[in-house]
file run-v1.cif (mmCIF, C-alpha atoms (C1' of nucleotides))
data_query
#
loop_
_atom_site.label_atom_id
_atom_site.label_comp_id
_atom_site.auth_asym_id
_atom_site.auth_seq_id
_atom_site.Cartn_x
_atom_site.Cartn_y
_atom_site.Cartn_z
CA MET A 1 -6.77 13.99 37.54
CA LYS A 2 -10.52 13.98 37.03
CA SER A 3 -10.07 14.27 33.30
CA LEU A 4 -9.31 10.62 32.67
CA HIS A 5 -11.98 9.38 35.07
CA ASN A 6 -14.56 11.53 33.32
CA TYR A 7 -13.39 10.21 30.00
CA PHE A 8 -13.75 6.60 31.09
CA ASN A 9 -17.24 7.17 32.43
CA ARG A 10 -18.46 9.25 29.55
CA TYR A 11 -16.87 7.69 26.49
CA THR A 12 -16.64 4.03 27.33
CA SER A 13 -19.90 3.55 29.25
CA VAL A 14 -17.93 1.55 31.77
CA LEU A 15 -18.64 2.83 35.26
CA ILE A 16 -15.65 2.89 37.58
CA SER A 17 -15.80 3.55 41.31
CA ASP A 18 -13.52 6.18 42.84
CA GLN A 19 -11.48 3.48 44.58
CA GLU A 20 -11.05 1.46 41.43
CA PHE A 21 -10.11 4.51 39.47
CA GLU A 22 -7.58 5.59 42.04
CA TYR A 23 -5.90 2.22 41.77
CA ILE A 24 -5.93 2.36 37.98
CA PHE A 25 -4.68 5.93 38.03
CA SER A 26 -1.72 4.98 40.24
CA HIS A 27 -0.30 3.08 37.25
CA PHE A 28 -0.16 6.17 35.05
CA THR A 29 2.63 8.70 35.01
CA PHE A 30 2.33 12.37 34.19
CA LYS A 31 4.38 13.82 31.35
CA LYS A 32 4.87 17.24 29.84
CA ILE A 33 6.06 17.80 26.31
CA LYS A 34 6.94 21.18 24.89
CA ARG A 35 5.89 22.42 21.47
CA LYS A 36 7.92 20.88 18.64
CA GLN A 37 9.21 18.06 20.82
CA PHE A 38 8.57 14.43 19.97
CA LEU A 39 6.49 11.89 21.85
CA LEU A 40 7.62 9.23 19.36
CA SER A 41 10.26 9.15 16.65
CA GLN A 42 10.27 6.86 13.64
CA GLY A 43 12.21 3.67 14.44
CA GLU A 44 11.46 3.62 18.18
CA VAL A 45 9.19 1.08 19.79
CA PHE A 46 6.25 2.83 21.39
CA SER A 47 5.00 0.62 24.20
CA HIS A 48 2.73 2.98 26.10
CA PHE A 49 -0.82 4.07 26.05
CA SER A 50 -0.95 7.83 26.36
CA PHE A 51 -3.89 10.07 27.08
CA LEU A 52 -3.70 13.68 26.01
CA LEU A 53 -4.81 15.96 28.86
CA LYS A 54 -3.86 19.25 27.24
CA GLY A 55 -2.42 20.41 23.95
CA ALA A 56 -2.39 19.18 20.37
CA MET A 57 -0.24 16.70 18.48
CA ARG A 58 0.14 15.22 15.07
CA LYS A 59 1.27 11.81 13.90
CA TYR A 60 2.99 11.62 10.53
CA PHE A 61 5.49 9.69 8.47
CA VAL A 62 7.95 10.56 5.73
CA ASP A 63 7.63 8.66 2.46
CA ASP A 64 10.48 7.57 0.17
CA LYS A 65 10.24 10.86 -1.73
CA GLY A 66 10.80 12.76 1.49
CA LYS A 67 7.21 13.95 1.75
CA GLU A 68 5.39 14.13 5.07
CA HIS A 69 1.93 12.57 5.45
CA VAL A 70 -0.24 13.35 8.45
CA VAL A 71 -1.84 10.14 9.71
CA ASN A 72 -3.61 11.47 12.81
CA LEU A 73 -4.38 14.71 14.58
CA TYR A 74 -4.86 14.69 18.34
CA ILE A 75 -6.38 17.10 20.83
CA GLU A 76 -7.53 16.79 24.44
CA ASN A 77 -9.04 13.41 25.40
CA TRP A 78 -7.47 11.56 22.50
CA TRP A 79 -4.97 8.72 22.64
CA PRO A 80 -1.80 9.47 20.69
CA GLY A 81 0.12 6.30 19.90
CA ASP A 82 0.90 3.53 17.48
CA ARG A 83 -1.22 0.47 18.12
CA GLU A 84 0.90 -1.68 15.84
CA SER A 85 4.15 -0.90 17.60
CA PHE A 86 2.48 -1.37 20.99
CA VAL A 87 0.89 -4.72 20.13
CA LEU A 88 3.66 -6.27 18.08
CA GLY A 89 6.61 -4.59 19.76
CA THR A 90 7.97 -3.49 16.39
CA PRO A 91 9.71 -0.18 15.60
CA SER A 92 7.21 2.47 14.66
CA ALA A 93 7.03 3.95 11.18
CA TYR A 94 5.61 7.18 12.60
CA ASN A 95 6.54 10.37 14.38
CA ILE A 96 4.31 12.04 16.94
CA VAL A 97 5.15 15.65 17.62
CA ALA A 98 3.63 18.28 19.88
CA LEU A 99 2.11 21.26 18.07
CA GLU A 100 1.43 23.02 21.37
CA ASP A 101 2.82 22.50 24.86
CA CYS A 102 1.25 19.22 25.97
CA GLU A 103 0.36 17.30 29.11
CA LEU A 104 -0.09 13.56 29.01
CA LEU A 105 -0.89 10.55 31.13
CA MET A 106 1.18 7.53 30.20
CA ILE A 107 0.92 3.86 31.08
CA SER A 108 3.46 1.23 30.12
CA LYS A 109 2.62 -2.04 28.39
CA GLU A 110 3.64 -3.96 31.51
CA ASN A 111 1.27 -1.97 33.68
CA THR A 112 -1.43 -2.27 31.05
CA THR A 113 -1.34 -6.07 31.07
CA LYS A 114 -1.01 -6.10 34.87
CA LEU A 115 -4.08 -3.89 35.22
CA CYS A 116 -6.02 -5.97 32.72
CA ARG A 117 -5.41 -9.03 34.88
CA GLU A 118 -6.21 -7.36 38.18
CA CYS A 119 -8.99 -5.10 37.14
CA PRO A 120 -11.68 -6.33 34.73
CA VAL A 121 -13.19 -2.87 34.25
CA PHE A 122 -9.89 -1.63 32.90
CA ALA A 123 -9.78 -4.47 30.39
CA LYS A 124 -13.30 -3.51 29.43
CA VAL A 125 -12.26 0.10 28.90
CA LEU A 126 -9.45 -0.94 26.57
CA LEU A 127 -11.86 -3.10 24.61
CA LYS A 128 -14.19 -0.14 24.25
CA LEU A 129 -11.34 2.05 23.05
CA ASP A 130 -10.49 -0.47 20.36
CA GLU A 131 -14.12 -0.70 19.34
CA LYS A 132 -14.42 3.05 19.05
CA SER A 133 -11.18 3.26 17.16
CA ASN A 134 -12.34 0.57 14.75
CA ILE A 135 -15.59 2.36 14.08
CA ALA A 136 -13.81 5.66 13.48
CA SER A 137 -11.25 4.03 11.17
CA GLN A 138 -14.00 2.41 9.16
CA LYS A 139 -15.66 5.77 8.65
CA ARG A 140 -12.44 7.37 7.55
CA ILE A 141 -11.81 4.57 5.06
CA VAL A 142 -15.31 4.91 3.65
CA SER A 143 -14.80 8.64 3.31
CA ASN A 144 -11.47 8.13 1.56
CA ILE A 145 -12.71 5.65 -1.01
CA SER A 146 -16.05 7.24 -1.78
CA SER A 147 -15.86 11.02 -1.34
CA SER A 148 -14.20 13.82 -3.27
CA ALA A 149 -11.63 16.05 -1.60
CA LYS A 150 -14.28 18.73 -1.14
CA ASP A 151 -16.76 16.34 0.47
CA ARG A 152 -14.06 14.93 2.76
CA TYR A 153 -13.23 18.43 3.94
CA GLU A 154 -16.87 19.19 4.62
CA GLU A 155 -17.20 15.93 6.56
CA LEU A 156 -14.22 16.92 8.66
CA LEU A 157 -15.82 20.31 9.34
CA GLU A 158 -18.92 18.50 10.58
CA ASN A 159 -17.20 15.85 12.66
CA TYR A 160 -14.27 17.80 14.08
CA PRO A 161 -14.98 21.53 13.78
CA GLU A 162 -12.40 22.21 16.54
CA PHE A 163 -9.63 21.02 14.23
CA LEU A 164 -9.80 24.21 12.19
CA GLN A 165 -8.95 26.31 15.23
CA ARG A 166 -6.23 23.99 16.42
CA PHE A 167 -4.34 22.88 13.33
CA PRO A 168 -2.82 24.79 10.40
CA GLN A 169 -4.45 24.09 7.06
CA HIS A 170 -1.51 22.30 5.54
CA HIS A 171 -1.68 19.64 8.26
CA ILE A 172 -5.41 19.24 7.80
CA ALA A 173 -4.90 18.96 4.06
CA SER A 174 -2.31 16.24 4.51
CA TYR A 175 -4.61 14.42 6.95
CA LEU A 176 -7.28 14.44 4.24
CA GLY A 177 -4.82 13.17 1.67
CA ILE A 178 -4.65 16.34 -0.42
CA THR A 179 -2.16 19.21 -0.84
CA LYS A 180 -2.38 22.53 0.94
CA ASP A 181 -2.90 24.24 -2.44
CA THR A 182 -5.93 22.12 -3.24
CA LEU A 183 -7.40 22.68 0.21
CA SER A 184 -6.93 26.42 -0.18
CA ARG A 185 -8.84 26.34 -3.47
CA ILE A 186 -11.61 24.22 -1.98
CA ARG A 187 -12.06 26.73 0.83
CA LYS A 188 -12.20 29.57 -1.66
CA GLN A 189 -14.88 27.76 -3.59
CA LEU A 190 -16.91 27.05 -0.44
CA LEU A 191 -16.84 30.74 0.47
CA LYS A 192 -18.49 31.64 -2.82
CA GLU A 193 -21.45 29.36 -2.04
CA MET B 1 -15.14 -27.49 12.88
CA LYS B 2 -11.35 -27.39 13.26
CA SER B 3 -11.17 -24.31 11.09
CA LEU B 4 -12.15 -21.85 13.79
CA HIS B 5 -10.00 -23.52 16.44
CA ASN B 6 -7.00 -23.35 14.15
CA TYR B 7 -7.74 -19.73 13.45
CA PHE B 8 -7.88 -18.86 17.14
CA ASN B 9 -4.60 -20.63 17.84
CA ARG B 10 -2.78 -19.33 14.84
CA TYR B 11 -3.97 -15.78 14.41
CA THR B 12 -4.63 -14.61 17.91
CA SER B 13 -1.77 -16.31 19.78
CA VAL B 14 -4.29 -17.27 22.44
CA LEU B 15 -4.04 -20.97 23.17
CA ILE B 16 -7.33 -22.70 23.80
CA SER B 17 -7.72 -26.25 25.09
CA ASP B 18 -9.97 -28.68 23.26
CA GLN B 19 -12.49 -28.63 26.11
CA GLU B 20 -12.59 -24.84 26.22
CA PHE B 21 -12.94 -24.63 22.50
CA GLU B 22 -15.75 -27.16 22.46
CA TYR B 23 -17.64 -25.05 24.95
CA ILE B 24 -17.01 -21.89 22.97
CA PHE B 25 -17.95 -23.63 19.75
CA SER B 26 -21.29 -24.76 21.19
CA HIS B 27 -22.37 -21.10 21.13
CA PHE B 28 -21.90 -20.78 17.39
CA THR B 29 -24.42 -21.79 14.77
CA PHE B 30 -23.68 -22.98 11.28
CA LYS B 31 -25.13 -21.09 8.34
CA LYS B 32 -25.07 -21.51 4.56
CA ILE B 33 -25.64 -18.66 2.17
CA LYS B 34 -25.99 -19.09 -1.55
CA ARG B 35 -24.30 -16.89 -4.13
CA LYS B 36 -25.98 -13.50 -4.54
CA GLN B 37 -27.83 -13.82 -1.25
CA PHE B 38 -27.39 -11.28 1.51
CA LEU B 39 -25.88 -11.77 4.95
CA LEU B 40 -26.81 -8.19 5.80
CA SER B 41 -28.99 -5.58 4.11
CA GLN B 42 -28.73 -1.83 4.57
CA GLY B 43 -31.04 -0.72 7.41
CA GLU B 44 -30.91 -3.95 9.39
CA VAL B 45 -29.15 -4.26 12.74
CA PHE B 46 -26.36 -6.79 12.49
CA SER B 47 -25.76 -8.19 15.96
CA HIS B 48 -23.65 -11.23 15.24
CA PHE B 49 -20.03 -12.06 14.84
CA SER B 50 -19.63 -14.26 11.79
CA PHE B 51 -16.65 -16.30 10.70
CA LEU B 52 -16.35 -17.21 7.04
CA LEU B 53 -15.51 -20.92 6.68
CA LYS B 54 -15.90 -21.10 2.94
CA GLY B 55 -16.70 -18.75 0.08
CA ALA B 56 -16.27 -15.07 -0.63
CA MET B 57 -18.31 -11.99 0.22
CA ARG B 58 -18.27 -8.28 -0.27
CA LYS B 59 -19.49 -5.43 1.90
CA TYR B 60 -20.66 -2.29 0.11
CA PHE B 61 -22.94 0.69 0.34
CA VAL B 62 -24.85 2.81 -2.14
CA ASP B 63 -24.17 6.55 -2.10
CA ASP B 64 -26.69 9.34 -2.76
CA LYS B 65 -25.88 9.26 -6.47
CA GLY B 66 -26.77 5.57 -6.58
CA LYS B 67 -23.18 4.41 -6.89
CA GLU B 68 -21.91 1.31 -5.14
CA HIS B 69 -18.72 1.46 -3.07
CA VAL B 70 -16.98 -1.71 -1.88
CA VAL B 71 -15.91 -1.28 1.73
CA ASN B 72 -14.54 -4.77 2.41
CA LEU B 73 -13.77 -8.01 0.64
CA TYR B 74 -13.92 -11.27 2.59
CA ILE B 75 -12.60 -14.77 1.98
CA GLU B 76 -12.07 -17.81 4.21
CA ASN B 77 -11.02 -17.03 7.81
CA TRP B 78 -12.27 -13.46 7.70
CA TRP B 79 -15.00 -11.91 9.81
CA PRO B 80 -17.75 -10.33 7.71
CA GLY B 81 -19.79 -7.86 9.74
CA ASP B 82 -20.42 -4.30 10.78
CA ARG B 83 -18.71 -3.48 14.05
CA GLU B 84 -20.60 -0.23 14.42
CA SER B 85 -24.01 -1.85 14.12
CA PHE B 86 -22.96 -4.64 16.47
CA VAL B 87 -21.55 -2.36 19.15
CA LEU B 88 -24.08 0.45 19.03
CA GLY B 89 -27.10 -1.57 17.96
CA THR B 90 -27.80 0.88 15.16
CA PRO B 91 -29.11 0.02 11.67
CA SER B 92 -26.27 -0.76 9.32
CA ALA B 93 -25.40 1.42 6.35
CA TYR B 94 -23.94 -1.55 4.52
CA ASN B 95 -24.87 -4.61 2.53
CA ILE B 96 -22.95 -7.85 2.74
CA VAL B 97 -23.57 -10.21 -0.15
CA ALA B 98 -22.17 -13.63 -1.04
CA LEU B 99 -20.14 -13.73 -4.25
CA GLU B 100 -19.84 -17.52 -4.02
CA ASP B 101 -21.81 -20.13 -2.06
CA CYS B 102 -20.72 -19.53 1.53
CA GLU B 103 -20.53 -21.33 4.84
CA LEU B 104 -20.38 -19.37 8.07
CA LEU B 105 -20.20 -19.75 11.82
CA MET B 106 -22.34 -17.21 13.61
CA ILE B 107 -22.53 -16.10 17.23
CA SER B 108 -25.12 -13.70 18.60
CA LYS B 109 -24.28 -10.64 20.67
CA GLU B 110 -25.94 -12.22 23.71
CA ASN B 111 -23.80 -15.32 23.44
CA THR B 112 -20.75 -13.18 22.81
CA THR B 113 -21.15 -11.24 26.05
CA LYS B 114 -22.08 -14.44 27.91
CA LEU B 115 -18.93 -16.16 26.65
CA CYS B 116 -16.80 -13.14 27.49
CA ARG B 117 -17.98 -13.37 31.08
CA GLU B 118 -17.60 -17.13 31.40
CA CYS B 119 -14.49 -17.66 29.39
CA PRO B 120 -11.58 -15.20 29.65
CA VAL B 121 -9.71 -16.68 26.69
CA PHE B 122 -12.65 -15.86 24.46
CA ALA B 123 -12.61 -12.26 25.63
CA LYS B 124 -8.92 -12.24 24.88
CA VAL B 125 -9.53 -13.53 21.38
CA LEU B 126 -12.03 -10.75 20.68
CA LEU B 127 -9.55 -8.19 21.94
CA LYS B 128 -6.93 -9.61 19.57
CA LEU B 129 -9.36 -9.43 16.68
CA ASP B 130 -10.00 -5.77 17.38
CA GLU B 131 -6.28 -5.10 17.65
CA LYS B 132 -5.62 -6.79 14.34
CA SER B 133 -8.48 -4.99 12.72
CA ASN B 134 -7.20 -1.65 14.01
CA ILE B 135 -3.74 -2.28 12.65
CA ALA B 136 -5.11 -3.30 9.27
CA SER B 137 -7.39 -0.26 9.12
CA GLN B 138 -4.52 2.05 9.93
CA LYS B 139 -2.51 0.60 7.07
CA ARG B 140 -5.37 1.02 4.66
CA ILE B 141 -5.84 4.64 5.72
CA VAL B 142 -2.15 5.36 5.28
CA SER B 143 -2.26 3.79 1.85
CA ASN B 144 -5.31 5.84 0.89
CA ILE B 145 -3.90 9.20 1.92
CA SER B 146 -0.36 8.74 0.69
CA SER B 147 -0.29 6.43 -2.35
CA SER B 148 -1.36 6.77 -5.96
CA ALA B 149 -3.93 4.42 -7.47
CA LYS B 150 -1.16 2.40 -9.07
CA ASP B 151 0.79 2.04 -5.83
CA ARG B 152 -2.35 1.07 -3.93
CA TYR B 153 -3.05 -1.67 -6.44
CA GLU B 154 0.51 -2.99 -6.16
CA GLU B 155 0.25 -2.99 -2.37
CA LEU B 156 -2.94 -5.02 -2.63
CA LEU B 157 -1.20 -7.49 -4.93
CA GLU B 158 1.50 -7.90 -2.28
CA ASN B 159 -0.76 -8.15 0.74
CA TYR B 160 -3.69 -10.09 -0.70
CA PRO B 161 -2.63 -11.82 -3.91
CA GLU B 162 -5.53 -14.28 -3.52
CA PHE B 163 -8.00 -11.45 -4.09
CA LEU B 164 -7.23 -11.35 -7.81
CA GLN B 165 -8.39 -14.92 -8.24
CA ARG B 166 -11.46 -14.50 -6.09
CA PHE B 167 -12.92 -11.13 -6.97
CA PRO B 168 -13.77 -9.45 -10.27
CA GLN B 169 -11.69 -6.39 -11.09
CA HIS B 170 -14.47 -3.89 -10.77
CA HIS B 171 -14.98 -4.87 -7.13
CA ILE B 172 -11.28 -4.64 -6.41
CA ALA B 173 -11.18 -1.25 -8.11
CA SER B 174 -14.05 0.00 -5.97
CA TYR B 175 -12.36 -1.38 -2.84
CA LEU B 176 -9.28 0.66 -3.78
CA GLY B 177 -11.37 3.76 -4.34
CA ILE B 178 -10.89 3.95 -8.10
CA THR B 179 -13.03 3.12 -11.14
CA LYS B 180 -12.86 -0.14 -13.06
CA ASP B 181 -11.66 1.80 -16.12
CA THR B 182 -8.70 3.24 -14.26
CA LEU B 183 -7.78 -0.16 -12.81
CA SER B 184 -7.90 -1.71 -16.26
CA ARG B 185 -5.49 0.93 -17.55
CA ILE B 186 -3.17 0.50 -14.56
CA ARG B 187 -2.98 -3.23 -15.23
CA LYS B 188 -2.21 -2.61 -18.88
CA GLN B 189 0.59 -0.28 -17.87
CA LEU B 190 2.02 -2.79 -15.38
CA LEU B 191 2.11 -5.47 -18.08
CA LYS B 192 4.34 -3.30 -20.22
CA GLU B 193 6.92 -3.07 -17.43
"C1'" DC C 1 -26.80 -20.61 -28.08
"C1'" DG C 2 -28.29 -16.30 -25.82
"C1'" DA C 3 -27.99 -13.63 -21.77
"C1'" DT C 4 -25.37 -11.73 -18.48
"C1'" DT C 5 -21.39 -10.18 -16.40
"C1'" DC C 6 -16.84 -8.57 -16.83
"C1'" DT C 7 -13.02 -6.11 -19.17
"C1'" DT C 8 -10.96 -3.02 -22.35
"C1'" DT C 9 -10.53 1.16 -24.96
"C1'" DG C 10 -10.86 6.06 -26.84
"C1'" DA C 11 -11.74 10.88 -26.38
"C1'" DA C 12 -13.06 14.63 -23.59
"C1'" DA C 13 -13.59 16.75 -19.20
"C1'" DA C 14 -12.96 17.19 -14.36
"C1'" DC C 15 -9.93 16.96 -10.74
"C1'" DA C 16 -5.73 17.32 -8.13
"C1'" DG C 17 -0.66 18.06 -7.92
"C1'" DT C 18 3.56 20.91 -8.80
"C1'" DC C 19 6.30 24.85 -8.55
"C1'" DA C 20 7.26 29.44 -7.84
"C1'" DA C 21 5.85 33.83 -6.44
"C1'" DT C 22 3.33 36.72 -3.46
"C1'" DC C 23 0.69 38.01 0.47
"C1'" DT C 24 -0.57 37.69 5.38
"C1'" DG C 25 -0.03 37.69 10.08
"C1'" DT C 26 2.84 36.83 14.25
"C1'" DG C 27 6.28 37.37 17.18
"C1'" DT C 28 11.24 38.46 18.45
"C1'" DG C 29 15.23 41.05 19.10
"C1'" DG C 30 17.46 45.35 18.54
"C1'" DC D 1 8.47 50.78 18.08
"C1'" DC D 2 10.35 49.23 14.04
"C1'" DA D 3 12.62 45.84 11.17
"C1'" DC D 4 13.05 41.44 10.17
"C1'" DA D 5 12.40 36.64 10.04
"C1'" DC D 6 9.33 32.96 9.88
"C1'" DA D 7 5.47 30.18 9.27
"C1'" DG D 8 1.25 29.86 6.99
"C1'" DA D 9 -2.09 30.85 3.17
"C1'" DT D 10 -3.17 32.13 -1.46
"C1'" DT D 11 -2.78 32.30 -6.39
"C1'" DG D 12 -1.55 31.48 -11.42
"C1'" DA D 13 0.14 28.66 -15.04
"C1'" DC D 14 1.22 24.23 -16.09
"C1'" DT D 15 1.34 19.16 -15.82
"C1'" DG D 16 -0.32 14.86 -14.70
"C1'" DT D 17 -3.81 11.70 -13.03
"C1'" DT D 18 -8.40 9.97 -12.71
"C1'" DT D 19 -13.26 10.06 -14.08
"C1'" DT D 20 -16.88 9.92 -17.31
"C1'" DC D 21 -19.45 8.01 -20.92
"C1'" DA D 22 -20.28 5.16 -24.59
"C1'" DA D 23 -19.07 1.41 -27.24
"C1'" DA D 24 -17.11 -2.86 -28.27
"C1'" DG D 25 -14.83 -7.16 -27.10
"C1'" DA D 26 -14.13 -11.35 -24.04
"C1'" DA D 27 -15.52 -14.67 -20.82
"C1'" DT D 28 -18.87 -17.29 -18.24
"C1'" DC D 29 -23.13 -19.68 -17.19
"C1'" DG D 30 -27.44 -21.75 -17.63
#

call {"tool": "encode", "arguments": {"input": "run-v1.cif", "output": "structure tokens"}}
result
Amino acid sequence: MKSLHNYFNRYTSVLISDQEFEYIFSHFTFKKIKRKQFLLSQGEVFSHFSFLLKGAMRKYFVDDKGKEHVVNLYIENWWPGDRESFVLGTPSAYNIVALEDCELLMISKENTTKLCRECPVFAKVLLKLDEKSNIASQKRIVSNISSSAKDRYEELLENYPEFLQRFPQHHIASYLGITKDTLSRIRKQLLKE
Amino acid sequence: MKSLHNYFNRYTSVLISDQEFEYIFSHFTFKKIKRKQFLLSQGEVFSHFSFLLKGAMRKYFVDDKGKEHVVNLYIENWWPGDRESFVLGTPSAYNIVALEDCELLMISKENTTKLCRECPVFAKVLLKLDEKSNIASQKRIVSNISSSAKDRYEELLENYPEFLQRFPQHHIASYLGITKDTLSRIRKQLLKE
DNA sequence: CGATTCTTTGAAAACAGTCAATCTGTGTGG
DNA sequence: CCACACAGATTGACTGTTTTCAAAGAATCG
């Protein structure tokens, strides 16, 4: 699969030779998940890294009032997962479900640590992923604490315009921390402008 | 300084021998910052890791309407900084200012990469820091999108009870994404219960 | 003591959530 | 090809939460 190799080269600025990549790649397994099926269910330990080759997923949890909250939306070239469960080995509080038929590359925690030992570039790639993830999280936090619902939606349109084509509005609304009704009204208002 | 060595051993579960630590430590420099002085000003590139030995700081930015928003609050054993500016070498959007007289250990980006090459445990420690930071960010995002102002404040009381003693309410309010007025009213309401 | 910073409060307005009803489009099975 | 079900989007009326602004009160520091 060229997809992952391209991703490593392009998004992590860590150059990996074909040989090295082939060795790394041999530790991944291919997995298909059909629409509406779960990659992770609340309460399970999720001890894999997974790279989304094709499809779309959402990560969410159910609060004590029975309401769903979308924590992440994933499309091609993203890494669905739960870092906390992976790192600490604790049961996950989240569900990850396929919104379209999906194809994934998975690598177990054992193979991850093995590869990190054997293959410094791979360790470097993981470091880069964490860096990128940290930077993105920081931006989302800043947006949440400082912007209105309308501004947050407009920021999402700028940063991830694909999301609108791939995800229904009520999931996007939940991801932004607002209700579908409010998002609908915001869109109406933006049309008038 | 034992403080940093203890931190590495305790919080990253990476054991470091005294010799190793001494070598690592030799790459840090000691820095004092007086109350109200800045560790970082908007527009500067911040290419250091810094470990807070003593004191308290806040990271904030000023939006287009001239309003301040507190992005992070730091006390002893935290790492004030801007990961994005460090990683990408871009000018920071944030200010970091001392709220009390502070003492810090600083390490430059050059020394960081040098140490990562020479000293695998140090690389491991940085990886752990990023992991921890990712997990914490995730929790904050979840809190922001799914909890009311009151619940967010109660979560903060649980997770960081020290903050109340160290930071004025209006900074805590801003950190939570609410106004000082609202926080004041929430506290009043909680007293009645 | 005076200056500054921090906190509280009231009243009005802006904002977002709730609930229920309706409207839209899509696809499936008969 | 139609009828129907289903998921998604919109809307109105209402409720609740949070912000705004201005003013006053409390605490802290030099």

call {"tool": "resolve_selection", "arguments": {"input": "run-v1.cif", "expression": "the PyMOL selection byres ((chain B) within 10 of (chain D))", "output": "MDAnalysis selection string"}}
result
chainID B and resid 148:149 178:179 181:182

call {"tool": "residues_around", "arguments": {"input": "run-v1.cif", "residues": "range 115-131 of chain A", "least_positions_apart": "6", "cutoff": "8 Å", "atoms": "only C-alpha atoms (C1' of nucleotides)", "output": "PyMOL selection string"}}
result
(chain A and resi 8+12+14-16+24) or (chain B and resi 83+87+127+130-131+134)

call {"tool": "atom_distance", "arguments": {"input": "run-v1.cif", "atom1": "CA of Glu103 in chain B", "atom2": "CA of His48 in chain B"}}
result
14.8 Å

call {"tool": "resolve_selection", "arguments": {"input": "run-v1.cif", "expression": "the PyMOL selection byres ((chain B) within 9 of (chain C))", "output": "PyMOL selection string"}}
result
chain B and resi 168-170+180-181+184-185

call {"tool": "closest_atom_pairs", "arguments": {"input": "run-v1.cif", "of": "chain A", "to": "chain B", "cutoff": "8 Å", "atoms": "only C-alpha atoms", "output": "CSV"}}
result
residue,atom,partner,partner_atom,distance
A:His69,CA,B:Ser146,CA,6.5
A:Val71,CA,B:Val142,CA,6.5
A:Arg83,CA,B:Ile135,CA,6.6
A:Glu84,CA,B:Ile135,CA,5.7
A:Val87,CA,B:Glu131,CA,7.6
A:Leu127,CA,B:Leu127,CA,6.2
A:Asp130,CA,B:Asp130,CA,6.1
A:Glu131,CA,B:Asp130,CA,6.8
A:Ser133,CA,B:Asn134,CA,7.1
A:Asn134,CA,B:Asn134,CA,5.6
A:Ile135,CA,B:Glu84,CA,5.7
A:Ser137,CA,B:Ser137,CA,6.1
A:Gln138,CA,B:Ser137,CA,7.1
A:Arg140,CA,B:Ile141,CA,7.4
A:Ile141,CA,B:Ile141,CA,6.0
A:Val142,CA,B:Val71,CA,6.5
A:Asn144,CA,B:Asn144,CA,6.6
A:Ile145,CA,B:Gly177,CA,4.1
A:Ser146,CA,B:Gly177,CA,6.4
A:Ser174,CA,B:Ile145,CA,7.7
A:Tyr175,CA,B:Ile145,CA,7.3
A:Leu176,CA,B:Ile145,CA,6.7
A:Gly177,CA,B:Ile145,CA,4.1
A:Ile178,CA,B:Ile145,CA,7.6

call {"tool": "atom_distance", "arguments": {"input": "run-v1.cif", "atom1": "CA of Met57 in chain A", "atom2": "CA of Arg10 in chain A"}}
result
22.6 Å

call {"tool": "resolve_selection", "arguments": {"input": "run-v1.cif", "expression": "the PyMOL selection byres ((chain A and resi 79) around 10)", "output": "number ranges by chain"}}
result
A: 49-53, 74-78, 80-82, 104-106, 129, 133

call {"tool": "atom_distance", "arguments": {"input": "run-v1.cif", "atom1": "CA of Gly43 in chain B", "atom2": "CA of Ala93 in chain B"}}
result
6.1 Å

call {"tool": "residues_around", "arguments": {"input": "run-v1.cif", "residues": "Ile96 in chain B", "least_positions_apart": "6", "cutoff": "6 Å", "atoms": "all atoms listed in the file", "output": "list in words"}}
result
Phe38, Leu39, Leu40, Arg58 and Lys59 of chain B
